[in-house]
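Colleague: start.cif is reproduced in full below (mmCIF, C-alpha atoms).
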```cif
data_final
loop_
_atom_site.label_atom_id
_atom_site.label_comp_id
_atom_site.auth_asym_id
_atom_site.auth_seq_id
_atom_site.Cartn_x
_atom_site.Cartn_y
_atom_site.Cartn_z
CA MET D 24 168.49 190.59 48.55
CA PRO D 25 172.09 191.67 47.88
CA GLU D 26 172.44 194.63 45.55
CA GLU D 27 174.66 192.75 43.05
CA ARG D 28 172.03 190.05 42.54
CA LYS D 29 169.24 192.43 41.57
CA THR D 30 168.23 192.50 37.94
CA PHE D 31 167.71 195.72 36.01
CA GLY D 32 163.94 195.27 36.21
CA GLN D 33 164.09 194.80 39.98
CA ARG D 34 166.12 197.97 40.38
CA ILE D 35 163.63 199.91 38.25
CA ARG D 36 160.75 198.67 40.40
CA GLU D 37 162.69 199.54 43.56
CA TYR D 38 163.46 203.14 42.59
CA PHE D 39 160.34 203.84 40.54
CA PRO D 40 157.52 202.00 42.35
CA ILE D 41 153.92 202.81 41.41
CA SER D 42 151.13 202.36 43.92
CA ARG D 43 147.52 203.43 44.06
CA ARG D 44 148.05 205.22 47.36
CA ASP D 45 150.97 207.28 46.06
CA SER D 46 149.15 208.07 42.82
CA LEU D 47 146.06 209.31 44.66
CA LEU D 48 148.27 211.33 47.01
CA THR D 49 150.06 212.93 44.06
CA VAL D 50 146.80 213.86 42.34
CA GLY D 51 145.35 215.20 45.59
CA ILE D 52 148.30 217.47 46.37
CA LEU D 53 148.44 218.82 42.80
CA VAL D 54 144.70 219.52 42.85
CA LEU D 55 145.13 221.31 46.18
CA ALA D 56 147.98 223.41 44.77
CA THR D 57 145.82 224.33 41.79
CA ALA D 58 142.93 225.23 44.10
CA VAL D 59 145.22 227.54 46.10
CA CYS D 60 146.59 229.29 43.00
CA THR D 61 143.29 229.76 41.15
CA PRO D 62 141.81 232.50 43.40
CA LEU D 63 145.21 234.21 43.48
CA ARG D 64 145.21 234.42 39.66
CA LEU D 65 141.64 235.69 39.59
CA ALA D 66 142.58 238.34 42.14
CA GLY D 67 145.30 239.62 39.83
CA THR D 68 148.24 238.62 42.02
CA THR D 69 151.73 239.48 40.78
CA PRO D 70 152.99 236.98 38.15
CA GLY D 71 155.16 234.17 39.52
CA PHE D 72 152.99 233.42 42.55
CA ALA D 73 152.26 229.84 41.37
CA PHE D 74 155.87 228.73 41.16
CA PRO D 75 156.61 228.50 44.92
CA VAL D 76 153.24 226.85 45.52
CA PHE D 77 154.05 224.04 43.07
CA VAL D 78 157.59 223.79 44.39
CA LEU D 79 156.07 223.09 47.80
CA ALA D 80 153.61 220.62 46.26
CA THR D 81 156.44 218.77 44.50
CA LEU D 82 158.44 218.74 47.73
CA LEU D 83 155.54 217.21 49.67
CA ILE D 84 154.84 214.60 47.00
CA SER D 85 158.50 213.59 46.83
CA ARG D 86 158.65 213.32 50.62
CA LEU D 87 155.42 211.39 51.16
CA THR D 88 155.67 208.89 48.29
CA ASP D 89 158.05 205.98 47.67
CA GLY D 90 160.82 206.15 45.09
CA TYR D 91 161.33 208.75 42.39
CA PHE D 92 158.42 208.18 40.00
CA HIS D 93 155.68 210.28 41.59
CA GLY D 94 158.04 213.13 42.43
CA ILE D 95 159.27 213.39 38.84
CA VAL D 96 155.71 213.17 37.51
CA ALA D 97 154.71 215.93 39.94
CA ALA D 98 157.57 218.12 38.68
CA ILE D 99 156.51 217.66 35.04
CA LEU D 100 152.81 218.20 35.72
CA GLY D 101 153.62 221.17 37.95
CA VAL D 102 155.58 222.92 35.19
CA ILE D 103 152.81 222.22 32.67
CA CYS D 104 150.15 223.49 35.05
CA VAL D 105 152.07 226.68 35.87
CA ASN D 106 152.67 227.34 32.18
CA PHE D 107 149.10 226.63 31.09
CA ALA D 108 146.94 228.00 33.90
CA PHE D 109 148.98 230.54 35.84
CA THR D 110 151.31 232.21 33.33
CA TYR D 111 150.17 234.82 30.79
CA PRO D 112 148.66 234.13 28.28
CA PHE D 113 146.35 232.12 30.54
CA LEU D 114 144.88 228.79 29.44
CA ALA D 115 147.44 228.49 26.67
CA PHE D 116 150.84 226.87 26.35
CA ASP D 117 153.81 229.10 25.68
CA PHE D 118 157.12 227.28 25.97
CA THR D 119 159.08 230.36 24.81
CA ILE D 120 158.54 232.21 28.08
CA ASP D 121 161.75 233.43 29.71
CA GLY D 122 162.75 231.25 32.64
CA TYR D 123 160.61 228.28 31.58
CA PRO D 124 163.57 225.84 31.37
CA LEU D 125 164.80 227.08 34.76
CA THR D 126 161.36 226.51 36.29
CA PHE D 127 161.30 222.96 34.98
CA LEU D 128 164.85 222.21 36.14
CA THR D 129 164.15 223.67 39.58
CA LEU D 130 161.06 221.52 40.14
CA LEU D 131 162.83 218.44 38.76
CA THR D 132 165.86 219.03 41.00
CA VAL D 133 163.65 219.51 44.07
CA SER D 134 161.83 216.29 43.20
CA ILE D 135 164.97 214.19 42.69
CA PHE D 136 166.83 215.42 45.77
CA THR D 137 163.79 215.07 48.03
CA SER D 138 162.98 211.61 46.67
CA ALA D 139 166.59 210.53 47.19
CA LEU D 140 166.58 211.86 50.74
CA THR D 141 163.25 210.17 51.49
CA THR D 142 164.45 206.86 50.04
CA LYS D 143 167.60 206.99 52.17
CA MET D 144 165.58 207.85 55.29
CA LYS D 145 163.24 204.92 54.75
CA LYS D 146 166.17 202.57 54.19
CA TRP D 147 167.79 203.88 57.36
CA GLU D 148 164.56 203.34 59.30
CA SER D 149 164.34 199.82 57.91
CA LEU D 150 167.94 199.10 58.91
CA ARG D 151 167.30 200.50 62.37
CA ALA D 152 164.24 198.26 62.76
CA GLU D 153 166.29 195.25 61.66
CA ALA D 154 169.03 196.20 64.11
CA GLU D 155 166.44 196.37 66.90
CA LYS D 156 165.18 192.91 65.96
CA GLU D 157 168.73 191.57 65.95
CA ARG D 158 169.42 193.12 69.34
CA MET D 159 166.28 191.53 70.74
CA ARG D 160 167.22 188.15 69.29
CA SER D 161 170.75 188.47 70.67
CA ASN D 162 169.43 189.31 74.14
CA LEU D 163 167.04 186.39 73.91
CA LEU D 164 169.74 183.94 72.88
CA ARG D 165 172.11 185.21 75.56
CA SER D 166 169.42 184.72 78.17
CA ILE D 167 168.57 181.26 76.92
CA SER D 168 172.23 180.19 76.79
CA HIS D 169 172.37 180.80 80.54
CA ASP D 170 168.81 179.85 81.47
CA ILE D 171 168.60 176.54 79.67
CA ARG D 172 171.64 174.91 81.29
CA THR D 173 170.33 174.71 84.84
CA PRO D 174 167.01 172.93 84.13
CA LEU D 175 168.68 170.50 81.71
CA THR D 176 171.34 169.67 84.30
CA SER D 177 168.62 169.18 86.91
CA ILE D 178 166.59 166.90 84.61
CA ILE D 179 169.61 164.79 83.72
CA GLY D 180 170.69 164.62 87.37
CA SER D 181 167.27 163.53 88.63
CA ALA D 182 166.81 160.96 85.86
CA SER D 183 170.31 159.54 86.44
CA ALA D 184 169.73 159.32 90.20
CA ILE D 185 166.52 157.34 89.70
CA LEU D 186 168.06 155.00 87.11
CA ASP D 187 171.29 154.41 89.05
CA ASN D 188 169.54 153.94 92.41
CA PRO D 189 166.44 151.75 91.91
CA ASP D 190 166.14 151.26 95.67
CA LEU D 191 165.47 154.95 96.37
CA PRO D 192 162.38 155.53 98.52
CA LYS D 193 159.19 156.12 96.54
CA GLU D 194 158.71 159.59 98.05
CA GLN D 195 162.20 160.64 96.99
CA GLN D 196 161.66 159.27 93.48
CA ARG D 197 158.33 161.11 93.25
CA GLU D 198 159.97 164.35 94.35
CA MET D 199 162.65 163.97 91.68
CA LEU D 200 160.08 163.18 88.99
CA GLU D 201 158.01 166.21 89.95
CA ASN D 202 161.15 168.29 89.64
CA VAL D 203 161.76 166.83 86.17
CA ARG D 204 158.19 167.70 85.17
CA GLU D 205 158.52 171.26 86.47
CA GLU D 206 161.82 171.80 84.68
CA GLY D 207 160.38 170.30 81.49
CA GLN D 208 157.37 172.64 81.62
CA TRP D 209 159.64 175.62 81.95
CA LEU D 210 161.72 174.46 78.98
CA ILE D 211 158.50 174.25 76.96
CA ARG D 212 157.88 177.94 77.75
CA VAL D 213 161.37 178.77 76.49
CA VAL D 214 160.72 176.90 73.24
CA GLU D 215 157.37 178.71 72.85
CA ASN D 216 159.16 182.03 73.23
CA LEU D 217 161.68 181.01 70.58
CA LEU D 218 158.87 179.99 68.23
CA SER D 219 157.19 183.35 68.83
CA ILE D 220 160.35 185.18 67.79
CA THR D 221 160.66 182.94 64.72
CA ARG D 222 157.00 183.58 63.86
CA MET D 223 157.70 187.33 63.80
CA GLY D 224 160.90 187.00 61.77
CA GLY D 225 161.40 187.17 58.03
CA GLU D 226 159.93 189.58 55.53
CA THR D 227 156.27 188.54 55.91
CA GLU D 228 153.99 190.70 58.02
CA LEU D 229 151.83 189.40 60.83
CA VAL D 230 148.52 187.96 59.68
CA LYS D 231 145.93 189.58 61.92
CA ASP D 232 142.33 188.41 62.04
CA GLU D 233 139.37 189.79 63.96
CA GLU D 234 139.29 187.77 67.19
CA VAL D 235 136.86 187.89 70.10
CA ALA D 236 138.92 189.26 73.01
CA GLU D 237 136.90 187.35 75.62
CA GLU D 238 137.67 184.02 73.92
CA ILE D 239 141.41 184.74 73.92
CA LEU D 240 141.22 185.46 77.66
CA GLY D 241 139.24 182.24 78.17
CA PHE D 242 141.89 180.12 76.43
CA ALA D 243 144.66 181.73 78.49
CA ALA D 244 142.73 181.27 81.75
CA ARG D 245 142.05 177.57 81.08
CA ALA D 246 145.72 176.90 80.34
CA PHE D 247 146.67 178.81 83.51
CA ARG D 248 144.29 176.81 85.72
CA LYS D 249 145.77 173.53 84.46
CA ARG D 250 149.30 174.61 85.32
CA PHE D 251 148.56 176.53 88.55
CA PRO D 252 145.44 174.92 90.05
CA GLY D 253 146.15 176.45 93.45
CA ILE D 254 146.04 180.08 92.19
CA ALA D 255 142.65 181.77 91.86
CA ILE D 256 142.07 183.53 88.54
CA THR D 257 139.19 185.81 87.59
CA VAL D 258 138.38 186.92 84.05
CA ARG D 259 136.58 190.14 83.20
CA ALA D 260 135.44 191.33 79.78
CA PRO D 261 133.01 194.02 78.61
CA GLU D 262 129.40 193.08 77.90
CA GLU D 263 129.77 194.25 74.31
CA LEU D 264 131.49 191.94 71.83
CA LEU D 265 135.04 193.26 71.51
CA MET D 266 136.69 192.26 68.22
CA VAL D 267 140.45 192.85 68.10
CA PRO D 268 142.74 192.36 65.06
CA MET D 269 145.56 190.07 66.21
CA ASP D 270 147.58 186.94 65.69
CA PRO D 271 145.82 184.84 68.37
CA ILE D 272 148.76 182.46 68.87
CA LEU D 273 151.20 185.29 69.59
CA ILE D 274 148.81 187.24 71.83
CA GLY D 275 148.02 184.02 73.65
CA GLN D 276 151.76 183.62 74.22
CA VAL D 277 151.91 187.13 75.68
CA LEU D 278 149.09 186.37 78.12
CA ASN D 279 150.67 183.03 79.09
CA ASN D 280 154.01 184.72 79.82
CA LEU D 281 152.41 187.48 81.87
CA LEU D 282 150.29 185.04 83.87
CA GLU D 283 153.31 182.82 84.54
CA ASN D 284 155.39 185.81 85.68
CA ALA D 285 152.57 186.89 88.01
CA VAL D 286 152.92 183.60 89.89
CA ILE D 287 156.62 182.81 89.66
CA HIS D 288 157.96 186.31 90.26
CA GLY D 289 155.11 187.51 92.45
CA ARG D 290 156.32 184.88 94.97
CA THR D 291 153.39 185.44 97.33
CA THR D 292 150.71 185.53 94.63
CA THR D 293 147.47 183.77 95.51
CA ALA D 294 145.09 185.41 93.01
CA VAL D 295 145.33 186.85 89.49
CA ARG D 296 142.91 189.12 87.64
CA LEU D 297 142.79 188.86 83.84
CA SER D 298 140.74 191.50 82.06
CA VAL D 299 140.15 193.38 78.81
CA THR D 300 138.45 196.76 78.36
CA ARG D 301 137.92 199.18 75.52
CA GLU D 302 139.82 202.47 75.74
CA GLY D 303 138.98 204.71 72.81
CA GLU D 304 140.34 203.07 69.66
CA ASN D 305 142.32 200.45 71.60
CA ALA D 306 141.67 197.28 73.53
CA ARG D 307 143.46 197.21 76.90
CA PHE D 308 144.49 193.80 78.27
CA SER D 309 145.51 193.57 81.93
CA VAL D 310 147.11 190.93 84.15
CA ALA D 311 147.13 191.96 87.82
CA ASP D 312 148.24 189.94 90.85
CA ASN D 313 148.34 190.29 94.64
CA GLY D 314 151.99 189.26 94.99
CA GLN D 315 155.05 191.14 96.22
CA GLY D 316 155.24 193.59 93.32
CA ILE D 317 158.20 194.64 91.16
CA PRO D 318 161.40 196.12 92.67
CA LYS D 319 161.67 199.81 91.76
CA ASP D 320 165.20 199.44 90.39
CA VAL D 321 164.03 196.68 88.03
CA LEU D 322 161.06 198.54 86.46
CA PRO D 323 163.06 200.68 83.98
CA ARG D 324 164.75 197.59 82.47
CA LEU D 325 161.86 195.20 82.77
CA PHE D 326 161.21 194.68 79.05
CA ASP D 327 164.62 194.94 77.41
CA GLY D 328 165.81 191.40 78.20
CA THR D 329 168.93 192.58 80.05
CA LEU D 330 167.91 191.62 83.61
CA LYS D 331 170.36 189.39 85.46
CA HIS D 332 169.14 186.28 87.20
CA ASN D 333 169.88 187.71 90.61
CA GLU D 334 167.75 190.75 89.83
CA THR D 335 164.56 188.74 89.39
CA THR D 336 163.38 185.95 91.65
CA LYS D 337 165.85 185.18 94.42
CA GLY D 338 166.79 181.56 94.77
CA ASP D 339 165.54 180.67 91.29
CA GLY D 340 168.48 181.40 89.07
CA LYS D 341 167.10 179.57 86.04
CA ARG D 342 163.98 181.71 85.57
CA ASN D 343 164.72 185.09 84.09
CA MET D 344 161.68 187.37 84.10
CA GLY D 345 163.24 189.64 81.47
CA LEU D 346 163.40 186.80 78.96
CA GLY D 347 159.65 186.34 78.57
CA LEU D 348 158.85 190.03 78.91
CA SER D 349 161.20 191.09 76.12
CA VAL D 350 159.37 188.63 73.86
CA CYS D 351 156.01 190.01 75.03
CA ARG D 352 157.03 193.56 74.23
CA ALA D 353 158.25 192.54 70.76
CA ILE D 354 154.94 190.79 70.00
CA VAL D 355 152.83 193.70 71.22
CA ARG D 356 154.92 196.21 69.26
CA ALA D 357 154.56 194.09 66.13
CA HIS D 358 150.79 194.48 66.58
CA GLY D 359 151.12 198.28 66.88
CA GLY D 360 150.47 198.30 70.63
CA HIS D 361 152.27 199.19 73.86
CA LEU D 362 153.20 197.15 76.93
CA ASN D 363 153.89 198.57 80.38
CA ALA D 364 153.93 197.58 84.03
CA ARG D 365 153.29 199.24 87.39
CA ASN D 366 153.09 198.34 91.05
CA LEU D 367 149.72 198.32 92.81
CA GLU D 368 149.04 198.81 96.50
CA GLN D 369 149.39 195.04 96.68
CA GLY D 370 150.99 193.25 93.78
CA ALA D 371 151.72 194.39 90.24
CA GLU D 372 149.86 194.96 86.98
CA PHE D 373 151.03 194.32 83.43
CA CYS D 374 148.88 195.77 80.69
CA PHE D 375 149.13 196.14 76.94
CA THR D 376 147.01 197.81 74.30
CA LEU D 377 146.14 196.67 70.79
CA PRO D 378 144.58 198.88 68.10
CA LEU D 379 141.01 197.99 67.22
CA THR D 380 141.58 198.63 63.52
CA LYS D 381 144.07 196.93 61.21
CA GLU D 382 145.04 200.24 59.64
CA GLU D 383 146.17 201.67 62.98
CA SER D 384 148.14 198.58 63.82
CA ALA D 385 150.09 198.51 60.61
#
```
Could I get this file's structure written as C-alpha cells?
Modeller:
Amino acid sequence: MPEERKTFGQRIREYFPISRRDSLLTVGILVLATAVCTPLRLAGTTPGFAFPVFVLATLLISRLTDGYFHGIVAAILGVICVNFAFTYPFLAFDFTIDGYPLTFLTLLTVSIFTSALTTKMKKWESLRAEAEKERMRSNLLRSISHDIRTPLTSIIGSASAILDNPDLPKEQQREMLENVREEGQWLIRVVENLLSITRMGGETELVKDEEVAEEILGFAARAFRKRFPGIAITVRAPEELLMVPMDPILIGQVLNNLLENAVIHGRTTTAVRLSVTREGENARFSVADNGQGIPKDVLPRLFDGTLKHNETTKGDGKRNMGLGLSVCRAIVRAHGGHLNARNLEQGAEFCFTLPLTKEESA
C-alpha cells in the first residue's frame, strides 16, 4: 500500500503494533533484568548498578519486537523499576532523585533509536525478499519467452502440414501428431510452473497442512508412470507414518519437475528412485536416476534459472532444465526447506528437505 494512501489509524498500527508474542517477550526480559538486579542489591552493590542492566533490557526489547510500542513501554517500566526497587530509598518512589530525568531520557532514547533501526532493517529485509521474488519471476519469464516459441512453432507447423496435405502417409501423420502431443505436454508443464509462481505470489502466506509423505510420493509416481511408461520407478518411504506440513499441490509440482528432469536431461535414464526419509527434524525427499549425470560446470548455476539452452540437453533447445529447477527451489524455500543436487557414481540425485513442524517452516 502506498504511503500516501495510508490513514492515520493505519500508520499508528504500523508503527505501534501490539502482539501477544511481543508483549510476553517484553515482560520476560524485564522480569529477567529484575532477577539479575535483585541479588546485586541484596549484596550491597554500589548504587547505579541497575541502570545499565535495564538499558540492555530495553535495547533487547526494542530490537526483538516490532514497531515502537514495546520499546517505549520497556523504557517507562524500566525507569519505574529502577526508581522503586533499586534506588535508595528501596521499595519507594522518589522522583526528586538527581539524574532521574536523565535516566528516563536515556532509556527512552535507546528505545526509540533501536526500534527505528529495527523497523528499517525489517523493511529492508522485506524489500530484499521482494527483489529476490522479482528476479526469480524475471528469470522465469525470460526463459519462457525463449522456450515457448519453439514448441508452438512446431505444433502449428505439424498441424498445418496435416491440414494442407491430406494425402500424407498415415505413418507420417501419426509421427506429426505424436510430436504435437509431446510439445503440448511440455507446454502444460510450463503453465504449471507459472501457476506455481502465481500461487506463491501476493501477500498471503502458504497454507500448509499435515500431509502423509508416502501419499504425495504415490501421486507423483502414478503421474510419472503415465507419462513415461518405459522408465522404471521405485518408491521408498519409512515404515512409520511421516506427516509433513506442506502445500501438497506445490510440493507435487516440485516432484513432477524433478522426475521429468531425471528423464529428459538424464538422456540415458532407464530407472528412477523416489524416496523420503526422516532426518532429525526434517523430511528428506530424493529423486535419483541412473542417467548421464550433471555437467560439473552447470552445477553451481543449476537452480538460479540462468542456464542457457545449449548448457542443458544438447539437441533439445526448447527444454531448459534451469526453468523448472528455479521454480522448485522457490517452492522449497517458501516451505522453509533446502534443495540441492549432486552427481552419483551413475546418474544424479536431487533432494530437498522440509521442516516437520510448521513453526520451523515459517
Colleague: Just how far from atom CA of Asp232 of chain D is atom CA of Ile274 of chain D, in Å to one decimal?
Modeller: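 That distance, rounded to one decimal, is 11.8 Å.
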Colleague: Written as a PyMOL selection string, what is the full residue list that the PyMOL selection byres ((chain D and resi 281) around 12) yields on the file shown?
Modeller: chain D and resi 212+243-244+247+274-280+282-289+295-297+308-312+326+344-352+362-364+371-375
Colleague: Looking at only C-alpha atoms, which of D:Ile239, D:Ile171, D:Leu128, D:Leu79 is the one that sits closest to Val213 of chain D?
Modeller: D:Ile171
Colleague: Give me the residues within 8 Å of Pro174 of chain D as a PyMOL selection string, counting all atoms listed in the file and dropping any in the same chain fewer than 2 places off.
Modeller: chain D and resi 170-172+176-178+206-207+210+341
Colleague: In Å, rounded to a single decimal, give me how far atom CA of Val355 of chain D is from atom CA of Arg43 of chain D.
Modeller: 29.3 Å
Colleague: Step by step, work through what the PyMOL selection byres ((chain D and resi 49) around 12) selects in the shown file, and finish by giving those residues as a short mmCIF file (atom, residue, chain, number, x, y, z; two decimals) with C-alpha atoms, in the coordinates of the input.
Modeller:
```cif
data_model
loop_
_atom_site.label_atom_id
_atom_site.label_comp_id
_atom_site.auth_asym_id
_atom_site.auth_seq_id
_atom_site.Cartn_x
_atom_site.Cartn_y
_atom_site.Cartn_z
CA ILE D 41 153.92 202.81 41.41
CA SER D 42 151.13 202.36 43.92
CA ARG D 43 147.52 203.43 44.06
CA ARG D 44 148.05 205.22 47.36
CA ASP D 45 150.97 207.28 46.06
CA SER D 46 149.15 208.07 42.82
CA LEU D 47 146.06 209.31 44.66
CA LEU D 48 148.27 211.33 47.01
CA VAL D 50 146.80 213.86 42.34
CA GLY D 51 145.35 215.20 45.59
CA ILE D 52 148.30 217.47 46.37
CA LEU D 53 148.44 218.82 42.80
CA VAL D 54 144.70 219.52 42.85
CA LEU D 55 145.13 221.31 46.18
CA ALA D 56 147.98 223.41 44.77
CA PHE D 77 154.05 224.04 43.07
CA ALA D 80 153.61 220.62 46.26
CA THR D 81 156.44 218.77 44.50
CA LEU D 82 158.44 218.74 47.73
CA LEU D 83 155.54 217.21 49.67
CA ILE D 84 154.84 214.60 47.00
CA SER D 85 158.50 213.59 46.83
CA ARG D 86 158.65 213.32 50.62
CA LEU D 87 155.42 211.39 51.16
CA THR D 88 155.67 208.89 48.29
CA ASP D 89 158.05 205.98 47.67
CA PHE D 92 158.42 208.18 40.00
CA HIS D 93 155.68 210.28 41.59
CA GLY D 94 158.04 213.13 42.43
CA ILE D 95 159.27 213.39 38.84
CA VAL D 96 155.71 213.17 37.51
CA ALA D 97 154.71 215.93 39.94
CA ALA D 98 157.57 218.12 38.68
CA LEU D 100 152.81 218.20 35.72
CA GLY D 101 153.62 221.17 37.95
#
```
Colleague: With all atoms listed in the file as the atoms that count, which of D:Ile35, D:Arg324, D:Gly90, D:Glu368 lies nearest to Lys146 of chain D?
Modeller: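 Smallest separation from Lys146 of chain D among the options: D:Gly90.
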Colleague: To one decimal place in Å, what is the distance between atom CA of Thr129 of chain D and atom CA of Leu65 of chain D?
Modeller: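 A separation of 25.5 Å between them.
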Colleague: Could you name the residues that touch Val230 of chain D at 10 Å or less, counting only C-alpha atoms, but leaving out those on the same chain fewer than 3 positions away, as a PyMOL selection string?
Modeller: chain D and resi 227+268-271+358
Colleague: Pick out the closest residue to Cys104 of chain D from this set: D:Val133, D:Val76, D:Leu186, D:Leu379. Count only C-alpha atoms.
Modeller: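 Of all the options, D:Val76 lies closest to Cys104 of chain D.
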Colleague: With the PyMOL selection byres ((chain D and resi 304) around 10) as the selection, what would be picked from this file? Answer as JSON, numbers by chain, please.
Modeller: {"D": [301, 302, 303, 305, 306, 307, 376, 377, 378, 379, 380, 383]}
Colleague: Selection from above, C-alpha atoms, as a compact mmCIF listing (two decimals), in the frame of the given file, can you write it?
Modeller:
```txt
# COMPACT_ATOMS: atom_id res chain seq x y z
CA ARG D 301 137.92 199.18 75.52
CA GLU D 302 139.82 202.47 75.74
CA GLY D 303 138.98 204.71 72.81
CA ASN D 305 142.32 200.45 71.60
CA ALA D 306 141.67 197.28 73.53
CA ARG D 307 143.46 197.21 76.90
CA THR D 376 147.01 197.81 74.30
CA LEU D 377 146.14 196.67 70.79
CA PRO D 378 144.58 198.88 68.10
CA LEU D 379 141.01 197.99 67.22
CA THR D 380 141.58 198.63 63.52
CA GLU D 383 146.17 201.67 62.98
```
Colleague: Assuming 5 Å of padding per side, give the centre and edge lengths of the axis-aligned box around every listed atom of segment 61-75 of chain D, in Å to one decimal and as AutoDock Vina command-line options.
Modeller:
```
--center_x 149.1 --center_y 234.1 --center_z 41.5 --size_x 25.0 --size_y 21.1 --size_z 16.8
```
Colleague: Need the neighbours of (145.8, 226.3, 36.1): which residues are at most 9 Å away, counting only C-alpha atoms, as an MDAnalysis selection string?
Modeller: chainID D and resid 57:58 60:61 64 103:110 113:114
